[in-house]
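Asker: Take a look at this one; I'll ask things after.
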Amino acid sequence: MNGREGSKKFYHISAVSQMYDIHPQTLRLYEREGLLKPSRSDGNTRLYSEDDLRQLEFILNLTRDLGVNLAGVEVVINMKQRMNQIESEVNKFLEYIKREFVEGQEEEFELKRQSLIRITPGKIVKIERIKKKKDEK
């Protein structure tokens, strides 16, 4: 029912179909639409990995639970991939900043932080101009 390639676990289309109560033709449709990309065995049999199953669960959640059509699923998947890419780029940028500007200079930054003057907001006092008016007369 499931094959093995190294330590990864793979499932045949019939097993995935039974596990998720979905017709094998629907799985083939998802593949044609580019929503799923199962690997293939030497005999050209579709092999679904754990990552493929997570992707399928995401697709089924969108279609079954939220009523999203396949075009919408494709848009959501593309947005999700783009968000993951942006997150990765931001993390790389933060690592670069840390490496270039902070590492090795922790003591200097701590001294600067401690030397900052902390000013608490004072009370606003209204100065009356009565005294000034009396002096003018």
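In the structure tokens, chains take the letters A, B, ... in the order shown, each chain's residues start at 1, and ligands count up from 1 in the order shown.
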Tell me which protein, DNA and RNA residues are within 12 Å of A:Tyr48, counting only C-alpha atoms, leaving out same-chain ones fewer than 2 positions away, and put them as a ChimeraX atom specification.
Answerer: /A:1-5,8-17,19,27-28,31,36-41,45-46,50-56
Asker: Would you mind writing down, as a count of residues only, each residue of stretch 6-125 of chain A that DSSP on the backbone assigns to strand (DSSP E or B)?
Answerer: 10
Asker: Which one of A:Lys98, A:Gln105, A:Leu35, A:Asn44 sits closest to A:Val73 if you count only C-alpha atoms?
Answerer: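 When distances to A:Val73 are compared using only C-alpha atoms, the smallest one comes from A:Leu35.
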Asker: Looking only at helix (DSSP H, G or I) from DSSP on the backbone, list the matching residues of stretch 12-95 of chain A as a ChimeraX atom specification.
Answerer: /A:13-19,24-32,50-65,70-95
Asker: Enter the distance from atom CA of A:Glu87 to atom CA of A:Phe101, in Å, rounded to one decimal.
Answerer: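 One can read the atom CA of A:Glu87 to atom CA of A:Phe101 distance as 20.8 Å.
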